[in-house]
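> I'd like to ask you about the structure that follows.
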Amino acid sequence: MEDHSELTNLSEAERKAIEELIPDEMSEIITSGIKRRHFLKLFAVTGTSVLAAHLLGIEQLMARSAPIEQQAPAFIENGINVSFNVNGSPQQLMVDSRMTLLDTLRERLGLTGSKKGCDHGQCGACTVLVDEKRVLSCLTLAATCEDKKVTTIEGLATGNELHPMQSSFIKHDGFQCGYCTPGQICSAVALVAEAKQGDASYVTANVRKKGKSLKLSDEEIRERMSGNICRCGAYPNIVDAIREVHGDKAVAQVWQFADGTI
């Protein structure tokens with residue numbers, strides 16, 4: 001097989017893992033990046049115990065932020081120029097004044113990590129960070145993000161190093177089908193920041209007493225994440241993942257692979 005190592009940022013261990021598990025997909029992965037269907041194929045062609053040995057490297061590859069390439073629009077009506085920063089990359093583009101941030105990210109910038117679920121602001125799958133605050137990108141006009149900093153799921157990792165929340169979701173199996181996971185993780189990252197600022201929620205005992213670095217109970221975490229729906233029902237694991245990042249000590253991993261390994 002041709003050596004593509006000079007064409008990508010794959011580490012030797014990552015390239016070897018991909019070539020061993022799904023060699024037929026190697027060329028496409030290098031040219032367009034690893035997609036969810038590639039990850040699902042890993043489960044199909046291996047057992048979970050085999051995949052576990054490669055899981056960290058694969059997840060690092062999936063989380064790596066790829067260069068953003070703007071897609072040419074077919075037609076723009078009521079065009080408006082927007083300049084903003086997306087995952088550390090300055091972007092300037094013309095969009096329809098009615099175009100949502102979600103559609104701009106997915107259709108114009110090729111950042112498909114943020115998902116379009118209900119498209120009505122009810123499921124949370126499209127959650128991204130705008131100036132470090134979580135927003136529903138399906139209800140946010142791209143035009144309102146002028147001169148702002150937008151962070152999507154693709155921008156959380158730093159090179160090969162996963163964001164602590166991403167690592168915690170992996171450790172605690174905070175996802176099943178994975179469709180809601182980008183929004184869950186972005187929302188969780190903002191939640192931890194909100195707690196450090198002392199922001200209250202609907203279940204905070206004394207909303208008048210605002211202090212820094214709130215210690216969140218499981219009830220608080222559930223309330224603050226209630227806008228992110230997981231139809232697979234991975235809520236207990238999501239709470240554990242957030243509690244570990246928010247707290248000062250590790251939370252025990254409760255799930256195991258079929259062969260009994262952790």
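Scheme for the structure tokens: letters A, B, ... for chains in order shown; per-chain residue numbers from 1; ligand numbers from 1 in order shown.
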Hey, could you make a per-residue contact list for segment 112-164 of chain A against segment 97-107 of chain A with 7 Å as the cut-off, showing the nearest pair of atoms and its distance in Å to one decimal, counting only C-alpha atoms, sorted by chain and number, as CSV?

```
residue,atom,partner,partner_atom,distance
A:Thr112,CA,A:Arg106,CA,4.8
A:Cys126,CA,A:Leu102,CA,6.8
A:Ser137,CA,A:Leu102,CA,4.8
A:Cys138,CA,A:Leu102,CA,5.1
A:Leu139,CA,A:Thr100,CA,6.5
A:Thr140,CA,A:Thr100,CA,5.5
A:Leu141,CA,A:Thr100,CA,4.2
A:Ala142,CA,A:Leu101,CA,4.2
A:Ala143,CA,A:Ser97,CA,6.2
```
> Need the shell around Arg222 of chain A: protein/DNA/RNA residues with any atom at most 10 Å away, counting only C-alpha atoms. Skip same-chain ones fewer than 2 positions apart. Format as a ChimeraX atom specification?
/A:203,216-220,224-228,235-236,238-239,242
> Would you save the residues of that selection, restricted to N, CA and C atoms, as an mmCIF file, in the first residue's frame?

```
data_model
loop_
_atom_site.group_PDB
_atom_site.id
_atom_site.type_symbol
_atom_site.label_atom_id
_atom_site.label_comp_id
_atom_site.auth_asym_id
_atom_site.auth_seq_id
_atom_site.Cartn_x
_atom_site.Cartn_y
_atom_site.Cartn_z
ATOM 1 N N VAL A 203 -32.726 24.629 39.729
ATOM 2 C CA VAL A 203 -32.760 23.801 40.937
ATOM 3 C C VAL A 203 -31.744 24.257 41.982
ATOM 4 N N LEU A 216 -21.472 21.015 41.682
ATOM 5 C CA LEU A 216 -22.751 20.585 41.141
ATOM 6 C C LEU A 216 -23.121 19.176 41.589
ATOM 7 N N SER A 217 -24.332 19.017 42.041
ATOM 8 C CA SER A 217 -24.871 17.693 42.339
ATOM 9 C C SER A 217 -25.322 17.046 41.041
ATOM 10 N N ASP A 218 -25.642 15.754 41.100
ATOM 11 C CA ASP A 218 -26.175 15.078 39.916
ATOM 12 C C ASP A 218 -27.466 15.734 39.452
ATOM 13 N N GLU A 219 -28.272 16.194 40.402
ATOM 14 C CA GLU A 219 -29.529 16.857 40.049
ATOM 15 C C GLU A 219 -29.257 18.149 39.287
ATOM 16 N N GLU A 220 -28.256 18.902 39.740
ATOM 17 C CA GLU A 220 -27.893 20.135 39.055
ATOM 18 C C GLU A 220 -27.416 19.842 37.631
ATOM 19 N N ARG A 224 -29.136 21.195 34.201
ATOM 20 C CA ARG A 224 -28.388 22.059 33.286
ATOM 21 C C ARG A 224 -28.191 21.408 31.918
ATOM 22 N N MET A 225 -28.304 20.096 31.840
ATOM 23 C CA MET A 225 -28.180 19.381 30.558
ATOM 24 C C MET A 225 -29.542 18.998 29.987
ATOM 25 N N SER A 226 -30.616 19.464 30.595
ATOM 26 C CA SER A 226 -31.946 19.014 30.185
ATOM 27 C C SER A 226 -32.330 19.451 28.773
ATOM 28 N N GLY A 227 -31.624 20.437 28.223
ATOM 29 C CA GLY A 227 -31.909 20.867 26.856
ATOM 30 C C GLY A 227 -31.275 19.990 25.799
ATOM 31 N N ASN A 228 -30.480 19.014 26.225
ATOM 32 C CA ASN A 228 -29.835 18.086 25.292
ATOM 33 C C ASN A 228 -30.464 16.707 25.451
ATOM 34 N N TYR A 235 -28.123 8.878 29.670
ATOM 35 C CA TYR A 235 -28.050 9.962 30.654
ATOM 36 C C TYR A 235 -27.188 9.668 31.880
ATOM 37 N N PRO A 236 -27.312 8.508 32.523
ATOM 38 C CA PRO A 236 -26.463 8.261 33.717
ATOM 39 C C PRO A 236 -24.971 8.344 33.406
ATOM 40 N N ILE A 238 -23.623 10.056 30.915
ATOM 41 C CA ILE A 238 -23.313 11.442 30.606
ATOM 42 C C ILE A 238 -23.082 12.222 31.898
ATOM 43 N N VAL A 239 -23.926 11.987 32.897
ATOM 44 C CA VAL A 239 -23.771 12.657 34.188
ATOM 45 C C VAL A 239 -22.430 12.281 34.817
ATOM 46 N N ILE A 242 -19.566 14.157 33.046
ATOM 47 C CA ILE A 242 -19.497 15.570 33.411
ATOM 48 C C ILE A 242 -19.009 15.733 34.846
#
```
> Restricting the calculation to only C-alpha atoms, which member of A:Ala234, A:Gly183, A:Ile80, A:Val130 is positioned closest to Ile153 of chain A?
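For Ile153 of chain A, the nearest of the candidates is A:Gly183.
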> Would you mind reading off the distance between atom CA of His246 of chain A and atom CA of Val150 of chain A, one decimal, in Å?
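Pair atom CA of His246 of chain A / atom CA of Val150 of chain A returns 22.5 Å.
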